[in-house]
$ cat final04.cif   # mmCIF, C-alpha atoms
data_target
loop_
_atom_site.group_PDB
_atom_site.id
_atom_site.type_symbol
_atom_site.label_atom_id
_atom_site.label_comp_id
_atom_site.auth_asym_id
_atom_site.auth_seq_id
_atom_site.Cartn_x
_atom_site.Cartn_y
_atom_site.Cartn_z
ATOM 1 C CA MET A 1 212.245 142.444 125.091
ATOM 2 C CA PRO A 2 213.238 138.926 126.205
ATOM 3 C CA TRP A 3 211.868 137.150 123.131
ATOM 4 C CA ARG A 4 214.503 138.872 121.016
ATOM 5 C CA ARG A 5 217.003 136.450 122.577
ATOM 6 C CA SER A 6 214.802 133.365 122.683
ATOM 7 C CA PHE A 7 212.896 131.588 119.937
ATOM 8 C CA GLU A 8 210.531 130.154 122.540
ATOM 9 C CA ALA A 9 209.696 133.658 123.766
ATOM 10 C CA PHE A 10 209.223 134.793 120.137
ATOM 11 C CA VAL A 11 206.698 131.990 119.655
ATOM 12 C CA GLU A 12 204.874 133.040 122.815
ATOM 13 C CA ALA A 13 204.780 136.692 121.751
ATOM 14 C CA THR A 14 203.597 136.022 118.202
ATOM 15 C CA ASN A 15 200.989 133.542 119.400
ATOM 16 C CA ALA A 16 199.570 136.307 121.585
ATOM 17 C CA ALA A 17 199.404 138.799 118.684
ATOM 18 C CA THR A 18 195.854 139.587 117.576
ATOM 19 C CA SER A 19 196.581 141.842 114.593
ATOM 20 C CA VAL A 20 198.826 141.619 111.547
ATOM 21 C CA ASP A 21 200.399 144.974 112.432
ATOM 22 C CA ARG A 22 201.385 143.736 115.893
ATOM 23 C CA LEU A 23 202.620 140.447 114.466
ATOM 24 C CA PHE A 24 204.856 142.195 111.943
ATOM 25 C CA GLU A 25 206.144 144.575 114.608
ATOM 26 C CA ILE A 26 207.312 141.578 116.648
ATOM 27 C CA MET A 27 208.793 139.906 113.572
ATOM 28 C CA LEU A 28 210.698 143.019 112.513
ATOM 29 C CA ASP A 29 212.097 143.530 115.989
ATOM 30 C CA ALA A 30 213.240 139.905 116.101
ATOM 31 C CA MET A 31 214.943 140.107 112.701
ATOM 32 C CA GLN A 32 216.622 143.380 113.642
ATOM 33 C CA ALA A 33 218.245 141.494 116.491
ATOM 34 C CA PHE A 34 219.916 139.378 113.771
ATOM 35 C CA GLY A 35 220.909 142.523 111.898
ATOM 36 C CA PHE A 36 218.133 142.483 109.264
ATOM 37 C CA ASP A 37 216.151 145.705 109.164
ATOM 38 C CA PHE A 38 214.670 145.234 105.679
ATOM 39 C CA LEU A 39 211.840 142.700 105.287
ATOM 40 C CA ASN A 40 209.535 142.050 102.360
ATOM 41 C CA PHE A 41 206.678 139.585 102.916
ATOM 42 C CA SER A 42 204.907 138.236 99.820
ATOM 43 C CA ILE A 43 202.286 135.608 98.982
ATOM 44 C CA GLN A 44 201.810 134.640 95.365
ATOM 45 C CA ARG A 45 199.591 131.636 95.949
ATOM 46 C CA ASP A 46 198.002 130.095 99.050
ATOM 47 C CA ALA A 47 194.627 128.393 98.715
ATOM 48 C CA GLU A 48 193.896 128.951 102.412
ATOM 49 C CA LEU A 49 193.960 132.744 102.165
ATOM 50 C CA HIS A 50 191.582 135.241 100.599
ATOM 51 C CA GLU A 51 192.917 137.165 97.593
ATOM 52 C CA ALA A 52 192.867 140.381 99.647
ATOM 53 C CA HIS A 53 195.548 138.917 101.898
ATOM 54 C CA LYS A 54 197.936 137.963 99.098
ATOM 55 C CA GLY A 55 200.277 139.852 96.816
ATOM 56 C CA PHE A 56 203.859 141.047 96.409
ATOM 57 C CA GLY A 57 205.190 143.149 99.253
ATOM 58 C CA ILE A 58 202.088 142.779 101.432
ATOM 59 C CA ILE A 59 204.209 144.179 104.217
ATOM 60 C CA SER A 60 207.584 145.706 103.476
ATOM 61 C CA THR A 61 210.222 147.859 105.149
ATOM 62 C CA TYR A 62 212.242 148.263 101.972
ATOM 63 C CA GLY A 63 212.982 151.885 101.176
ATOM 64 C CA GLN A 64 210.140 153.594 99.292
ATOM 65 C CA PRO A 65 212.367 154.655 96.356
ATOM 66 C CA TRP A 66 213.317 151.006 95.774
ATOM 67 C CA GLN A 67 209.713 149.836 96.125
ATOM 68 C CA ASP A 68 208.566 152.466 93.591
ATOM 69 C CA TYR A 69 211.397 151.611 91.202
ATOM 70 C CA TYR A 70 210.572 147.899 91.482
ATOM 71 C CA ARG A 71 206.836 148.315 90.818
ATOM 72 C CA GLU A 72 207.080 150.954 88.080
ATOM 73 C CA ARG A 73 209.404 148.764 86.034
ATOM 74 C CA GLY A 74 207.626 145.487 86.720
ATOM 75 C CA LEU A 75 210.817 143.942 88.058
ATOM 76 C CA TYR A 76 208.935 141.027 89.586
ATOM 77 C CA LYS A 77 209.130 139.423 86.120
ATOM 78 C CA ILE A 78 212.921 139.133 86.327
ATOM 79 C CA ASP A 79 213.553 139.208 90.087
ATOM 80 C CA PRO A 80 215.759 136.113 90.643
ATOM 81 C CA VAL A 81 214.972 136.086 94.379
ATOM 82 C CA ALA A 82 211.224 135.842 93.747
ATOM 83 C CA LYS A 83 211.707 133.300 90.970
ATOM 84 C CA TRP A 84 213.979 131.044 92.995
ATOM 85 C CA ALA A 85 211.758 131.308 96.081
ATOM 86 C CA SER A 86 208.804 130.016 94.034
ATOM 87 C CA SER A 87 210.523 126.641 93.625
ATOM 88 C CA ALA A 88 212.905 126.475 96.594
ATOM 89 C CA PHE A 89 212.209 124.599 99.810
ATOM 90 C CA LYS A 90 215.073 125.908 101.944
ATOM 91 C CA PRO A 91 216.305 129.370 102.938
ATOM 92 C CA PHE A 92 218.982 130.775 100.646
ATOM 93 C CA ARG A 93 221.351 133.696 100.279
ATOM 94 C CA TRP A 94 220.697 135.925 97.292
ATOM 95 C CA ARG A 95 224.352 135.757 96.310
ATOM 96 C CA ASP A 96 224.171 131.967 96.054
ATOM 97 C CA ILE A 97 221.392 131.837 93.461
ATOM 98 C CA ASP A 98 223.823 132.192 90.571
ATOM 99 C CA LYS A 99 225.765 129.178 91.901
ATOM 100 C CA ILE A 100 222.612 127.052 91.746
ATOM 101 C CA THR A 101 221.074 128.266 88.502
ATOM 102 C CA PRO A 102 222.600 130.548 85.842
ATOM 103 C CA LEU A 103 221.271 134.101 85.951
ATOM 104 C CA SER A 104 220.670 136.284 82.932
ATOM 105 C CA ARG A 105 222.509 139.569 82.521
ATOM 106 C CA GLN A 106 219.299 141.366 83.501
ATOM 107 C CA GLN A 107 218.970 139.349 86.686
ATOM 108 C CA LYS A 108 222.592 139.970 87.676
ATOM 109 C CA ALA A 109 222.073 143.681 87.044
ATOM 110 C CA PHE A 110 218.940 143.533 89.222
ATOM 111 C CA LEU A 111 220.890 142.114 92.174
ATOM 112 C CA ASN A 112 223.590 144.747 91.708
ATOM 113 C CA LYS A 113 220.952 147.499 91.737
ATOM 114 C CA ALA A 114 219.413 146.061 94.905
ATOM 115 C CA GLU A 115 222.845 146.186 96.516
ATOM 116 C CA ALA A 116 223.307 149.762 95.341
ATOM 117 C CA ALA A 117 219.910 150.601 96.856
ATOM 118 C CA GLY A 118 221.243 149.529 100.251
ATOM 119 C CA LEU A 119 219.950 145.955 100.407
ATOM 120 C CA HIS A 120 222.962 144.000 101.664
ATOM 121 C CA HIS A 121 223.418 140.331 102.634
ATOM 122 C CA GLY A 122 220.032 139.367 101.211
ATOM 123 C CA ILE A 123 218.335 136.160 102.310
ATOM 124 C CA GLY A 124 215.192 134.479 101.016
ATOM 125 C CA VAL A 125 212.964 132.213 103.117
ATOM 126 C CA PRO A 126 210.293 130.399 101.073
ATOM 127 C CA PHE A 127 207.202 128.895 102.679
ATOM 128 C CA ALA A 128 206.692 125.524 101.067
ATOM 129 C CA GLY A 129 203.192 124.140 101.399
ATOM 130 C CA PRO A 130 200.411 122.124 99.794
ATOM 131 C CA ARG A 131 198.719 122.831 96.459
ATOM 132 C CA LEU A 132 201.744 124.588 94.951
ATOM 133 C CA GLN A 133 201.796 127.248 97.658
ATOM 134 C CA VAL A 134 204.183 130.099 96.831
ATOM 135 C CA ALA A 135 205.023 132.571 99.594
ATOM 136 C CA GLY A 136 208.042 133.824 101.469
ATOM 137 C CA ILE A 137 210.020 136.552 103.161
ATOM 138 C CA ALA A 138 213.008 138.316 101.650
ATOM 139 C CA MET A 139 215.280 140.118 104.089
ATOM 140 C CA ALA A 140 218.373 142.271 103.900
ATOM 141 C CA THR A 141 220.410 144.592 106.071
ATOM 142 C CA SER A 142 221.312 148.225 105.606
ATOM 143 C CA GLU A 143 224.731 147.444 107.080
ATOM 144 C CA ARG A 144 227.516 146.522 104.705
ATOM 145 C CA ARG A 145 228.941 144.198 107.339
ATOM 146 C CA LEU A 146 227.122 141.775 109.603
ATOM 147 C CA SER A 147 228.466 141.311 113.110
ATOM 148 C CA ARG A 148 227.778 137.566 112.873
ATOM 149 C CA THR A 149 226.904 135.019 110.222
ATOM 150 C CA PRO A 150 223.187 134.246 110.446
ATOM 151 C CA ASN A 151 221.940 130.712 110.992
ATOM 152 C CA LEU A 152 219.612 130.192 108.027
ATOM 153 C CA ASP A 153 217.716 127.341 109.665
ATOM 154 C CA LEU A 154 216.986 129.490 112.723
ATOM 155 C CA LEU A 155 215.832 132.393 110.548
ATOM 156 C CA ALA A 156 213.571 129.969 108.672
ATOM 157 C CA ALA A 157 212.065 128.804 111.970
ATOM 158 C CA TYR A 158 211.200 132.402 112.899
ATOM 159 C CA CYS A 159 209.754 133.091 109.449
ATOM 160 C CA ASN A 160 207.681 129.928 109.266
ATOM 161 C CA HIS A 161 206.144 130.552 112.674
ATOM 162 C CA PHE A 162 205.400 134.123 111.625
ATOM 163 C CA TYR A 163 203.554 132.800 108.581
ATOM 164 C CA ALA A 164 201.549 130.330 110.654
ATOM 165 C CA CYS A 165 200.481 133.179 112.952
ATOM 166 C CA TYR A 166 199.640 135.402 109.964
ATOM 167 C CA LYS A 167 197.252 132.752 108.674
ATOM 168 C CA ARG A 168 195.804 132.206 112.144
ATOM 169 C CA ILE A 169 195.022 135.899 112.582
ATOM 170 C CA LEU A 170 193.408 136.241 109.169
ATOM 171 C CA GLY A 171 191.613 132.933 109.319
ATOM 172 C CA THR A 172 191.896 130.229 106.689
ATOM 173 C CA THR A 173 189.450 128.839 104.179
ATOM 174 C CA ALA A 174 190.751 125.281 104.199
ATOM 175 C CA ALA A 175 187.221 123.938 104.516
ATOM 176 C CA ALA A 176 186.353 125.521 101.166
ATOM 177 C CA LEU A 177 189.034 123.576 99.303
ATOM 178 C CA PRO A 178 187.867 120.763 97.034
ATOM 179 C CA PRO A 179 188.412 117.688 99.268
ATOM 180 C CA LEU A 180 191.224 115.405 98.090
ATOM 181 C CA VAL A 181 190.983 116.554 94.486
ATOM 182 C CA THR A 182 193.882 115.602 92.253
ATOM 183 C CA LEU A 183 194.246 115.800 88.495
ATOM 184 C CA SER A 184 195.986 113.257 86.316
ATOM 185 C CA GLU A 185 198.884 114.421 84.163
ATOM 186 C CA ARG A 186 196.619 114.462 81.091
ATOM 187 C CA GLU A 187 193.922 116.414 82.933
ATOM 188 C CA GLN A 188 196.530 118.948 84.017
ATOM 189 C CA GLN A 189 197.779 119.324 80.432
ATOM 190 C CA ILE A 190 194.244 119.987 79.257
ATOM 191 C CA MET A 191 193.310 122.377 82.072
ATOM 192 C CA ILE A 192 196.468 124.429 81.575
ATOM 193 C CA ARG A 193 195.394 124.993 77.987
ATOM 194 C CA VAL A 194 191.821 125.721 79.047
ATOM 195 C CA ALA A 195 193.136 128.337 81.475
ATOM 196 C CA HIS A 196 195.022 129.927 78.585
ATOM 197 C CA GLY A 197 191.771 130.212 76.608
ATOM 198 C CA ARG A 198 192.356 127.384 74.111
ATOM 199 C CA THR A 199 189.353 125.745 72.447
ATOM 200 C CA ASP A 200 188.771 121.987 72.406
ATOM 201 C CA PRO A 201 189.991 121.635 68.776
ATOM 202 C CA GLN A 202 193.123 123.657 69.596
ATOM 203 C CA ILE A 203 193.827 121.552 72.683
ATOM 204 C CA ALA A 204 193.201 118.344 70.736
ATOM 205 C CA GLN A 205 195.647 119.407 68.018
ATOM 206 C CA SER A 206 198.374 120.389 70.492
ATOM 207 C CA LEU A 207 198.112 117.083 72.368
ATOM 208 C CA GLY A 208 197.502 114.851 69.379
ATOM 209 C CA LEU A 209 194.063 113.762 70.609
ATOM 210 C CA ALA A 210 190.548 113.814 69.191
ATOM 211 C CA PRO A 211 188.227 116.681 70.242
ATOM 212 C CA ASP A 212 185.808 114.123 71.676
ATOM 213 C CA THR A 213 188.595 112.856 73.912
ATOM 214 C CA ILE A 214 189.202 116.375 75.214
ATOM 215 C CA ASP A 215 185.493 116.681 75.972
ATOM 216 C CA TYR A 216 185.612 113.363 77.838
ATOM 217 C CA TYR A 217 188.501 114.523 80.029
ATOM 218 C CA LEU A 218 186.871 117.891 80.679
ATOM 219 C CA ARG A 219 183.660 116.285 81.875
ATOM 220 C CA GLY A 220 185.717 114.181 84.258
ATOM 221 C CA VAL A 221 187.386 117.310 85.647
ATOM 222 C CA PHE A 222 183.976 119.010 86.012
ATOM 223 C CA ARG A 223 182.743 116.078 88.102
ATOM 224 C CA LYS A 224 185.797 116.155 90.334
ATOM 225 C CA LEU A 225 185.461 119.878 90.978
ATOM 226 C CA GLY A 226 181.679 119.999 91.178
ATOM 227 C CA VAL A 227 181.323 122.588 88.399
ATOM 228 C CA HIS A 228 179.479 122.698 85.065
ATOM 229 C CA ASN A 229 181.688 124.769 82.774
ATOM 230 C CA ARG A 230 185.314 125.240 81.744
ATOM 231 C CA VAL A 231 185.618 128.793 83.102
ATOM 232 C CA ALA A 232 184.698 127.707 86.636
ATOM 233 C CA ALA A 233 186.936 124.649 86.360
ATOM 234 C CA ALA A 234 189.947 126.688 85.203
ATOM 235 C CA SER A 235 189.386 129.235 87.967
ATOM 236 C CA ILE A 236 189.372 126.557 90.667
ATOM 237 C CA CYS A 237 192.414 124.799 89.199
ATOM 238 C CA VAL A 238 194.428 128.022 89.260
ATOM 239 C CA GLN A 239 193.152 129.193 92.643
ATOM 240 C CA TYR A 240 193.937 125.928 94.416
ATOM 241 C CA GLY A 241 197.211 125.205 92.657
ATOM 242 C CA LEU A 242 195.949 122.127 90.805
ATOM 243 C CA ILE A 243 197.768 123.384 87.705
ATOM 244 C CA GLU A 244 200.897 125.467 87.226
ATOM 245 C CA LEU A 245 200.547 128.124 84.514
#

$ encode --input "final04.cif" --output "structure tokens"
Amino acid sequence: MPWRRSFEAFVEATNAATSVDRLFEIMLDAMQAFGFDFLNFSIQRDAELHEAHKGFGIISTYGQPWQDYYRERGLYKIDPVAKWASSAFKPFRWRDIDKITPLSRQQKAFLNKAEAAGLHHGIGVPFAGPRLQVAGIAMATSERRLSRTPNLDLLAAYCNHFYACYKRILGTTAAALPPLVTLSEREQQIMIRVAHGRTDPQIAQSLGLAPDTIDYYLRGVFRKLGVHNRVAAASICVQYGLIEL
């Protein structure tokens, strides 16, 4: 297929895709042309997508034994690729994470096990976006040697266009977002504690404020979000990335 050798043709092909399955088929074929036959597409948080369209490994070509091993042991909690992707803004090689931030012994062992499972030359491409969006594609090759060194910026261009098409196909809910809502640093501190189930007296004690002051801030948040209780407010704050838990 000609688009395997041209980014412009890839854009044309993905723009014409009308289903997620077809879109991923095109994406996988394009990445295989670069030598990457393992892809794992995940969305932790994106306020423009329904919950049904988010999750870890929404679409994955990783071997089933590795996927089962990963899920059964809850390895997402220590996965350094997932953790770094949640705060990174540029594509990165898995092997370079330890050069940027120290890894624990568990995390180093995780990367070694991934290599042993046949995931070589791993690369992560995060999708940075508004409202603390966290999403990305992890890719690897079954080959121990790559015929050429991949251009990370070009891979990121493919991945980012894929994500834009994914959201186009599924439809977005941008109109449902609270318009131009922002929380002050103090409001964020309070709402994080609300989301963790703390009471007003507990929040007041932890922040060194009076309970009445907490109530004042909460009422201000309610007005901004158009809600009438703390449960609804916390839910919206988490869903739209207004606070980071």

$ residues_around --input "final04.cif" --residues "A:His121" --least-positions-apart "6" --cutoff "10 Å" --atoms "all atoms listed in the file" --output "list in words"
Gly35, Phe36, Arg93, Trp94, Arg95, Glu115, Met139, Ala140, Thr141, Ser142, Glu143, Arg144, Arg145, Leu146, Thr149 and Pro150 of chain A

$ write_last_selection --input "final04.cif" --atoms "C-alpha atoms" --output "CSV table (one decimal), in the coordinates of the input"
chain,number,residue,atom,x,y,z
A,35,GLY,CA,220.9,142.5,111.9
A,36,PHE,CA,218.1,142.5,109.3
A,93,ARG,CA,221.4,133.7,100.3
A,94,TRP,CA,220.7,135.9,97.3
A,95,ARG,CA,224.4,135.8,96.3
A,115,GLU,CA,222.8,146.2,96.5
A,139,MET,CA,215.3,140.1,104.1
A,140,ALA,CA,218.4,142.3,103.9
A,141,THR,CA,220.4,144.6,106.1
A,142,SER,CA,221.3,148.2,105.6
A,143,GLU,CA,224.7,147.4,107.1
A,144,ARG,CA,227.5,146.5,104.7
A,145,ARG,CA,228.9,144.2,107.3
A,146,LEU,CA,227.1,141.8,109.6
A,149,THR,CA,226.9,135.0,110.2
A,150,PRO,CA,223.2,134.2,110.4

$ residues_around --input "final04.cif" --residues "A:Ala114" --least-positions-apart "3" --cutoff "12 Å" --atoms "only C-alpha atoms" --output "PDB file with C-alpha atoms, in the frame of the given file"
ATOM      1  CA  PHE A  38     214.670 145.234 105.679  1.00  0.00           C
ATOM      2  CA  TYR A  62     212.242 148.263 101.972  1.00  0.00           C
ATOM      3  CA  GLY A  63     212.982 151.885 101.176  1.00  0.00           C
ATOM      4  CA  PRO A  65     212.367 154.655  96.356  1.00  0.00           C
ATOM      5  CA  TRP A  66     213.317 151.006  95.774  1.00  0.00           C
ATOM      6  CA  GLN A  67     209.713 149.836  96.125  1.00  0.00           C
ATOM      7  CA  TYR A  69     211.397 151.611  91.202  1.00  0.00           C
ATOM      8  CA  TYR A  70     210.572 147.899  91.482  1.00  0.00           C
ATOM      9  CA  LEU A  75     210.817 143.942  88.058  1.00  0.00           C
ATOM     10  CA  ASP A  79     213.553 139.208  90.087  1.00  0.00           C
ATOM     11  CA  PRO A  80     215.759 136.113  90.643  1.00  0.00           C
ATOM     12  CA  VAL A  81     214.972 136.086  94.379  1.00  0.00           C
ATOM     13  CA  TRP A  94     220.697 135.925  97.292  1.00  0.00           C
ATOM     14  CA  ARG A  95     224.352 135.757  96.310  1.00  0.00           C
ATOM     15  CA  GLN A 107     218.970 139.349  86.686  1.00  0.00           C
ATOM     16  CA  LYS A 108     222.592 139.970  87.676  1.00  0.00           C
ATOM     17  CA  ALA A 109     222.073 143.681  87.044  1.00  0.00           C
ATOM     18  CA  PHE A 110     218.940 143.533  89.222  1.00  0.00           C
ATOM     19  CA  LEU A 111     220.890 142.114  92.174  1.00  0.00           C
ATOM     20  CA  ALA A 117     219.910 150.601  96.856  1.00  0.00           C
ATOM     21  CA  GLY A 118     221.243 149.529 100.251  1.00  0.00           C
ATOM     22  CA  LEU A 119     219.950 145.955 100.407  1.00  0.00           C
ATOM     23  CA  HIS A 120     222.962 144.000 101.664  1.00  0.00           C
ATOM     24  CA  HIS A 121     223.418 140.331 102.634  1.00  0.00           C
ATOM     25  CA  GLY A 122     220.032 139.367 101.211  1.00  0.00           C
ATOM     26  CA  MET A 139     215.280 140.118 104.089  1.00  0.00           C
ATOM     27  CA  ALA A 140     218.373 142.271 103.900  1.00  0.00           C
ATOM     28  CA  THR A 141     220.410 144.592 106.071  1.00  0.00           C
ATOM     29  CA  SER A 142     221.312 148.225 105.606  1.00  0.00           C
TER      30      SER A 142
END

$ residues_near_point --input "final04.cif" --point "(217.5, 124.9, 103.5)" --cutoff "12 Å" --atoms "all atoms listed in the file" --output "PyMOL selection string"
chain A and resi 85+88-93+123-128+151-157

$ resolve_selection --input "final04.cif" --expression "the PyMOL selection byres ((chain A and resi 186-193) around 7)" --output "NGL selection string"
:A and (183-185 or 194-198 or 203 or 217 or 234 or 243 or 245)

$ resolve_selection --input "final04.cif" --expression "the PyMOL selection byres ((chain A and resi 213) around 12)" --output "list in words"
Arg186, Glu187, Ile190, Asp200, Pro201, Ile203, Ala204, Gln205, Leu207, Gly208, Leu209, Ala210, Pro211, Asp212, Ile214, Asp215, Tyr216, Tyr217, Leu218, Arg219 and Gly220 of chain A

$ write_last_selection --input "final04.cif" --atoms "C-alpha atoms" --output "PDB file, in the coordinates of the input"
ATOM      1  CA  ARG A 186     196.619 114.462  81.091  1.00  0.00           C
ATOM      2  CA  GLU A 187     193.922 116.414  82.933  1.00  0.00           C
ATOM      3  CA  ILE A 190     194.244 119.987  79.257  1.00  0.00           C
ATOM      4  CA  ASP A 200     188.771 121.987  72.406  1.00  0.00           C
ATOM      5  CA  PRO A 201     189.991 121.635  68.776  1.00  0.00           C
ATOM      6  CA  ILE A 203     193.827 121.552  72.683  1.00  0.00           C
ATOM      7  CA  ALA A 204     193.201 118.344  70.736  1.00  0.00           C
ATOM      8  CA  GLN A 205     195.647 119.407  68.018  1.00  0.00           C
ATOM      9  CA  LEU A 207     198.112 117.083  72.368  1.00  0.00           C
ATOM     10  CA  GLY A 208     197.502 114.851  69.379  1.00  0.00           C
ATOM     11  CA  LEU A 209     194.063 113.762  70.609  1.00  0.00           C
ATOM     12  CA  ALA A 210     190.548 113.814  69.191  1.00  0.00           C
ATOM     13  CA  PRO A 211     188.227 116.681  70.242  1.00  0.00           C
ATOM     14  CA  ASP A 212     185.808 114.123  71.676  1.00  0.00           C
ATOM     15  CA  ILE A 214     189.202 116.375  75.214  1.00  0.00           C
ATOM     16  CA  ASP A 215     185.493 116.681  75.972  1.00  0.00           C
ATOM     17  CA  TYR A 216     185.612 113.363  77.838  1.00  0.00           C
ATOM     18  CA  TYR A 217     188.501 114.523  80.029  1.00  0.00           C
ATOM     19  CA  LEU A 218     186.871 117.891  80.679  1.00  0.00           C
ATOM     20  CA  ARG A 219     183.660 116.285  81.875  1.00  0.00           C
ATOM     21  CA  GLY A 220     185.717 114.181  84.258  1.00  0.00           C
TER      22      GLY A 220
END

$ closest_residue --input "final04.cif" --among "A:His228, A:His161, A:Arg223, A:Lys167" --to "A:Ala13" --atoms "only C-alpha atoms"
A:His161
